[in-house]
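First the structure, in the form of structure tokens, and then the observations on it.
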Amino acid sequence: MPSIDHELPLELFRNRPQLAPELLEAVFGIKVPDHDQVSLGSESYAESNPAELRCDATVILGDPKTPVLGIVVETQLRPSARKAFTWPAYLAALRSRRECPVILLVLCPDESTARACARPIELGHPDWVLRPLVLSPERTPAVTDPREAARLPELSVLGAPAHAHGPDAPQVLTALCSAMENIDRDHGRLYYDYVLSRLSDTARRLMEDIMKTGTYEWKSDFALDHIAIGKAEGKAEGKAEGEARSVLLFLAARDITVSDQVRERITSCADLDQLDRWVQRAATIDNAEQLFD
């Protein structure tokens with residue numbers, strides 16, 4: 001079964017096909033042909049030989065019947081020698097079916113995989129070499145302008161994991177939060193979980209703080225739901241801290257020594273029922289360790 005690491009980047013293109021030509025221009029400096037529409041194409045080449053040949057996604061620029069450009073989008077989580085044979089086949093099949101120029105765009109999770117996937121593929125015929133256009137988070141431009149992020153939310157999602165740990169981290173994450181305003185609830189949760197799973201603890205806390213205390217007047221279903229959950233969690237955390245403080249004060253009033261290990265266990269507990277039991281037990285025990293008997 002495909003993992004979220006493989007499927008989520010593709011979902012960005014399926015949700016917004018225009019992302020493909022935008023990346024070609026922004027990252028690789030390729031001027032794509034003028035076009036009035038962008039649509040998804042078939043990902044299967046069942047009519048070709050072999051029948052099981054299937055790429056991850058295709059994006060078609062212009063009228064699907066007479067397109068001006070076809071883009072094959074592939075997610076590659078690790079280097080694979082087999083791709084040197086299948087990628088040219090995808091391009092040739094798409095070019096034959098649509099009778100238009102074609103481009104290969106490969107999405108990689110890290111720079112080492114990107115370097116491996118970017119190696120030129122010699123097809124054998126003189127001067128016939130495929131040089132994949134490869135994109136990793138590090139190669140994705142950092143989106144720091146909230147207005148730009150709102151216009152290109154998927155680009156913000158792709159680049160945030162790589163740029164959320166540098167000097168522009170607050171601006172990148174603030175822009176990403178702004179981008180969430182233009183995303184529906186289901187995609188918002190998916191995008192948010194994807195980004196959050198790739199952030200460091202420091203960047204994750206900063207992201208959560210921005211979502212809860214940002215200067216925007218949040219309107220989207222996703223943002224409002226997330227903020228409501230965050231506030232509820234904050235209230236629960238505050239109550240747990242108060243209960244833990246009560247346990248420690250009760251023990252101190254009875255002159256019972258509390259070790260650092262016991263104090264850490266009490267203050268790190270978020271279970272309100274457990275903390276209530278400790279408050280009651282603190283009235284009868286002879287030493288702090290008996291709290292946990």
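Going by the structure tokens order, chains are called A, B, ..., each with residues numbered from 1, while ligands are numbered from 1 in the order shown.
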Show which residues sit within 12 Å of A:Thr202, as a PyMOL selection string. Count only C-alpha atoms, and ignore same-chain residues fewer than 2 positions away. chain A and resi 164-166+169-170+173+196+198-200+204-209
I'd like the neighbourhood of A:Ile266 as a PyMOL selection string, where a residue qualifies if any of its atoms comes within 8 Å (using only C-alpha atoms), though same-chain residues fewer than 6 positions away should be ignored. chain A and resi 244+247+275
Could you save the residues just selected, with N, CA and C atoms, as a tab-separated table (two decimals), in the first residue's frame?
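Once written, part37.tsv looks like this:
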chain	number	residue	atom	x	y	z
A	244	ALA	N	-1.32	19.11	39.47
A	244	ALA	CA	0.03	18.68	39.85
A	244	ALA	C	0.60	19.59	40.93
A	247	VAL	N	-0.80	18.61	44.31
A	247	VAL	CA	-0.15	17.43	44.88
A	247	VAL	C	1.15	17.84	45.57
A	275	LEU	N	-4.24	12.46	38.72
A	275	LEU	CA	-3.80	13.55	39.59
A	275	LEU	C	-4.75	13.72	40.77
As a PDB file with N, CA, C and O atoms, in the first residue's frame, please: the residues near A:Val102 (cut-off 12 Å, only C-alpha atoms, same-chain neighbours under 5 positions excluded).
ATOM      1  N   PRO A  21       3.081  23.328 -13.665  1.00  0.00           N
ATOM      2  CA  PRO A  21       3.760  24.359 -14.470  1.00  0.00           C
ATOM      3  C   PRO A  21       4.333  25.488 -13.626  1.00  0.00           C
ATOM      4  O   PRO A  21       5.352  26.089 -13.998  1.00  0.00           O
ATOM      5  N   VAL A  32       6.721  27.660 -19.796  1.00  0.00           N
ATOM      6  CA  VAL A  32       5.772  26.716 -20.381  1.00  0.00           C
ATOM      7  C   VAL A  32       4.930  27.429 -21.436  1.00  0.00           C
ATOM      8  O   VAL A  32       4.763  28.653 -21.390  1.00  0.00           O
ATOM      9  N   PRO A  33       4.396  26.695 -22.398  1.00  0.00           N
ATOM     10  CA  PRO A  33       3.567  27.320 -23.433  1.00  0.00           C
ATOM     11  C   PRO A  33       2.327  27.980 -22.840  1.00  0.00           C
ATOM     12  O   PRO A  33       1.840  27.586 -21.779  1.00  0.00           O
ATOM     13  N   THR A  58      -0.184  12.527 -14.149  1.00  0.00           N
ATOM     14  CA  THR A  58       0.114  13.332 -15.326  1.00  0.00           C
ATOM     15  C   THR A  58      -0.720  14.605 -15.281  1.00  0.00           C
ATOM     16  O   THR A  58      -1.864  14.594 -14.823  1.00  0.00           O
ATOM     17  N   VAL A  59      -0.126  15.688 -15.738  1.00  0.00           N
ATOM     18  CA  VAL A  59      -0.794  16.987 -15.814  1.00  0.00           C
ATOM     19  C   VAL A  59      -0.761  17.444 -17.262  1.00  0.00           C
ATOM     20  O   VAL A  59       0.293  17.403 -17.900  1.00  0.00           O
ATOM     21  N   ILE A  60      -1.915  17.860 -17.760  1.00  0.00           N
ATOM     22  CA  ILE A  60      -2.051  18.252 -19.156  1.00  0.00           C
ATOM     23  C   ILE A  60      -2.334  19.745 -19.242  1.00  0.00           C
ATOM     24  O   ILE A  60      -3.272  20.248 -18.603  1.00  0.00           O
ATOM     25  N   LEU A  61      -1.544  20.480 -20.014  1.00  0.00           N
ATOM     26  CA  LEU A  61      -1.753  21.907 -20.218  1.00  0.00           C
ATOM     27  C   LEU A  61      -2.472  22.132 -21.537  1.00  0.00           C
ATOM     28  O   LEU A  61      -2.083  21.563 -22.560  1.00  0.00           O
ATOM     29  N   PRO A  67      -3.430  19.195 -26.436  1.00  0.00           N
ATOM     30  CA  PRO A  67      -2.634  19.864 -25.392  1.00  0.00           C
ATOM     31  C   PRO A  67      -1.353  20.479 -25.945  1.00  0.00           C
ATOM     32  O   PRO A  67      -0.853  20.076 -27.000  1.00  0.00           O
ATOM     33  N   VAL A  68      -0.847  21.454 -25.179  1.00  0.00           N
ATOM     34  CA  VAL A  68       0.413  22.091 -25.569  1.00  0.00           C
ATOM     35  C   VAL A  68       1.590  21.517 -24.787  1.00  0.00           C
ATOM     36  O   VAL A  68       2.743  21.715 -25.172  1.00  0.00           O
ATOM     37  N   LEU A  69       1.309  20.812 -23.689  1.00  0.00           N
ATOM     38  CA  LEU A  69       2.384  20.215 -22.896  1.00  0.00           C
ATOM     39  C   LEU A  69       1.802  19.147 -21.964  1.00  0.00           C
ATOM     40  O   LEU A  69       0.716  19.317 -21.408  1.00  0.00           O
ATOM     41  N   GLY A  70       2.537  18.053 -21.816  1.00  0.00           N
ATOM     42  CA  GLY A  70       2.185  17.014 -20.847  1.00  0.00           C
ATOM     43  C   GLY A  70       3.296  16.883 -19.815  1.00  0.00           C
ATOM     44  O   GLY A  70       4.484  16.904 -20.170  1.00  0.00           O
ATOM     45  N   ILE A  71       2.938  16.779 -18.551  1.00  0.00           N
ATOM     46  CA  ILE A  71       3.925  16.677 -17.474  1.00  0.00           C
ATOM     47  C   ILE A  71       3.697  15.368 -16.717  1.00  0.00           C
ATOM     48  O   ILE A  71       2.605  15.142 -16.172  1.00  0.00           O
ATOM     49  N   VAL A  72       4.695  14.518 -16.686  1.00  0.00           N
ATOM     50  CA  VAL A  72       4.647  13.302 -15.877  1.00  0.00           C
ATOM     51  C   VAL A  72       5.222  13.643 -14.509  1.00  0.00           C
ATOM     52  O   VAL A  72       6.359  14.118 -14.408  1.00  0.00           O
ATOM     53  N   VAL A  73       4.429  13.421 -13.448  1.00  0.00           N
ATOM     54  CA  VAL A  73       4.862  13.702 -12.082  1.00  0.00           C
ATOM     55  C   VAL A  73       5.077  12.382 -11.360  1.00  0.00           C
ATOM     56  O   VAL A  73       4.173  11.548 -11.286  1.00  0.00           O
ATOM     57  N   TRP A  87      10.880   5.606 -16.648  1.00  0.00           N
ATOM     58  CA  TRP A  87      10.620   7.031 -16.870  1.00  0.00           C
ATOM     59  C   TRP A  87      10.631   7.403 -18.356  1.00  0.00           C
ATOM     60  O   TRP A  87       9.716   8.099 -18.825  1.00  0.00           O
ATOM     61  N   PRO A  88      11.625   6.971 -19.125  1.00  0.00           N
ATOM     62  CA  PRO A  88      11.561   7.279 -20.570  1.00  0.00           C
ATOM     63  C   PRO A  88      10.313   6.683 -21.229  1.00  0.00           C
ATOM     64  O   PRO A  88       9.741   7.282 -22.152  1.00  0.00           O
ATOM     65  N   ALA A  89       9.890   5.510 -20.742  1.00  0.00           N
ATOM     66  CA  ALA A  89       8.699   4.879 -21.320  1.00  0.00           C
ATOM     67  C   ALA A  89       7.448   5.707 -21.028  1.00  0.00           C
ATOM     68  O   ALA A  89       6.572   5.852 -21.889  1.00  0.00           O
ATOM     69  N   TYR A  90       7.354   6.251 -19.799  1.00  0.00           N
ATOM     70  CA  TYR A  90       6.206   7.101 -19.463  1.00  0.00           C
ATOM     71  C   TYR A  90       6.132   8.306 -20.405  1.00  0.00           C
ATOM     72  O   TYR A  90       5.057   8.659 -20.915  1.00  0.00           O
ATOM     73  N   LEU A  91       7.271   8.943 -20.613  1.00  0.00           N
ATOM     74  CA  LEU A  91       7.301  10.137 -21.462  1.00  0.00           C
ATOM     75  C   LEU A  91       6.951   9.798 -22.912  1.00  0.00           C
ATOM     76  O   LEU A  91       6.177  10.510 -23.563  1.00  0.00           O
ATOM     77  N   ALA A  92       7.524   8.708 -23.406  1.00  0.00           N
ATOM     78  CA  ALA A  92       7.266   8.323 -24.789  1.00  0.00           C
ATOM     79  C   ALA A  92       5.790   7.976 -24.987  1.00  0.00           C
ATOM     80  O   ALA A  92       5.179   8.349 -26.003  1.00  0.00           O
ATOM     81  N   ALA A  93       5.205   7.259 -24.012  1.00  0.00           N
ATOM     82  CA  ALA A  93       3.799   6.866 -24.126  1.00  0.00           C
ATOM     83  C   ALA A  93       2.890   8.089 -24.070  1.00  0.00           C
ATOM     84  O   ALA A  93       1.941   8.214 -24.847  1.00  0.00           O
ATOM     85  N   LEU A  94       3.185   9.022 -23.155  1.00  0.00           N
ATOM     86  CA  LEU A  94       2.357  10.223 -23.041  1.00  0.00           C
ATOM     87  C   LEU A  94       2.480  11.086 -24.302  1.00  0.00           C
ATOM     88  O   LEU A  94       1.485  11.616 -24.815  1.00  0.00           O
ATOM     89  N   ARG A  95       3.697  11.207 -24.822  1.00  0.00           N
ATOM     90  CA  ARG A  95       3.920  11.994 -26.039  1.00  0.00           C
ATOM     91  C   ARG A  95       3.175  11.373 -27.220  1.00  0.00           C
ATOM     92  O   ARG A  95       2.580  12.080 -28.049  1.00  0.00           O
ATOM     93  N   SER A  96       3.174  10.038 -27.295  1.00  0.00           N
ATOM     94  CA  SER A  96       2.494   9.355 -28.385  1.00  0.00           C
ATOM     95  C   SER A  96       0.984   9.516 -28.289  1.00  0.00           C
ATOM     96  O   SER A  96       0.311   9.773 -29.298  1.00  0.00           O
ATOM     97  N   ARG A  97       0.462   9.410 -27.094  1.00  0.00           N
ATOM     98  CA  ARG A  97      -0.983   9.477 -26.907  1.00  0.00           C
ATOM     99  C   ARG A  97      -1.525  10.888 -27.117  1.00  0.00           C
ATOM    100  O   ARG A  97      -2.571  11.085 -27.726  1.00  0.00           O
ATOM    101  N   LEU A 130      17.876  11.663 -21.332  1.00  0.00           N
ATOM    102  CA  LEU A 130      16.820  12.222 -20.487  1.00  0.00           C
ATOM    103  C   LEU A 130      17.450  12.723 -19.189  1.00  0.00           C
ATOM    104  O   LEU A 130      18.097  11.967 -18.467  1.00  0.00           O
ATOM    105  N   PRO A 132      16.174  14.125 -15.863  1.00  0.00           N
ATOM    106  CA  PRO A 132      14.972  14.372 -15.062  1.00  0.00           C
ATOM    107  C   PRO A 132      15.053  15.711 -14.319  1.00  0.00           C
ATOM    108  O   PRO A 132      16.117  16.104 -13.832  1.00  0.00           O
ATOM    109  N   LEU A 133      13.939  16.404 -14.253  1.00  0.00           N
ATOM    110  CA  LEU A 133      13.830  17.595 -13.422  1.00  0.00           C
ATOM    111  C   LEU A 133      13.410  17.133 -12.043  1.00  0.00           C
ATOM    112  O   LEU A 133      12.308  16.591 -11.871  1.00  0.00           O
TER     113      LEU A 133
END
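Atom to atom, atom CA of A:Glu99 and atom CA of A:Gly41 stand 13.4 Å apart.
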From a DSSP pass on the backbone, collect the residues of stretch 20-229 of chain A flagged as helix (DSSP H, G or I) and hand them back as an NGL selection string. :A and (20-28 or 83-98 or 111-117 or 137-139 or 146-151 or 153-163 or 169-182 or 185-196 or 201-213 or 221-229)
Tell me which protein, DNA and RNA residues are within 8 Å of stretch 280-292 of chain A, counting only C-alpha atoms, leaving out same-chain ones fewer than 5 positions away, and put them as a list of chain:residue names. A:Val247, A:Phe250, A:Leu251, A:Ile256, A:Thr257, A:Val258, A:Ser259, A:Val262
note - atom CA of A:Asp36 and atom CA of A:Pro137 are separated by 28.8 Å
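Residue neighbourhood of stretch 153-155 of chain A, excluding near-sequence residues (fewer than 5 positions): Pro9, Leu12, Phe13, Asn15, Arg16, Leu19, Glu22, Leu23, Thr140, Pro141, Ala142, Val143, Glu148, Ala160, Ala175, Leu176, Ser178, Ala179, Met180, Glu181, Asn182, Ile183 and Tyr191 of chain A, at 9 Å, using only C-alpha atoms.
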Expected file contents, prior selection, C-alpha atoms, as an mmCIF file, in the first residue's frame:
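Writing done, so here's again12.cif:
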data_model
loop_
_atom_site.group_PDB
_atom_site.id
_atom_site.type_symbol
_atom_site.label_atom_id
_atom_site.label_comp_id
_atom_site.auth_asym_id
_atom_site.auth_seq_id
_atom_site.Cartn_x
_atom_site.Cartn_y
_atom_site.Cartn_z
ATOM 1 C CA PRO A 9 2.989 15.112 -2.635
ATOM 2 C CA LEU A 12 -0.984 18.352 -4.000
ATOM 3 C CA PHE A 13 -0.879 18.076 -7.801
ATOM 4 C CA ASN A 15 -5.816 18.876 -5.909
ATOM 5 C CA ARG A 16 -4.212 21.701 -7.898
ATOM 6 C CA LEU A 19 1.191 23.547 -9.339
ATOM 7 C CA GLU A 22 4.260 26.830 -11.604
ATOM 8 C CA LEU A 23 7.106 24.706 -10.258
ATOM 9 C CA THR A 140 11.575 24.251 -3.322
ATOM 10 C CA PRO A 141 11.450 28.035 -2.879
ATOM 11 C CA ALA A 142 10.666 29.291 0.626
ATOM 12 C CA VAL A 143 7.264 30.994 0.685
ATOM 13 C CA GLU A 148 1.762 34.362 -1.984
ATOM 14 C CA ALA A 160 7.769 24.371 4.550
ATOM 15 C CA ALA A 175 2.748 32.031 5.568
ATOM 16 C CA LEU A 176 1.865 28.335 5.715
ATOM 17 C CA SER A 178 -2.193 31.720 6.014
ATOM 18 C CA ALA A 179 -2.203 29.191 3.159
ATOM 19 C CA MET A 180 -4.420 26.922 5.243
ATOM 20 C CA GLU A 181 -7.136 29.563 4.968
ATOM 21 C CA ASN A 182 -7.599 28.642 1.301
ATOM 22 C CA ILE A 183 -7.769 24.892 1.851
ATOM 23 C CA TYR A 191 -1.577 18.908 4.543
#
Of A:Ser268, A:Arg98, A:Glu138, A:Phe85, the one sitting nearest A:Glu111 when using only C-alpha atoms is A:Glu138
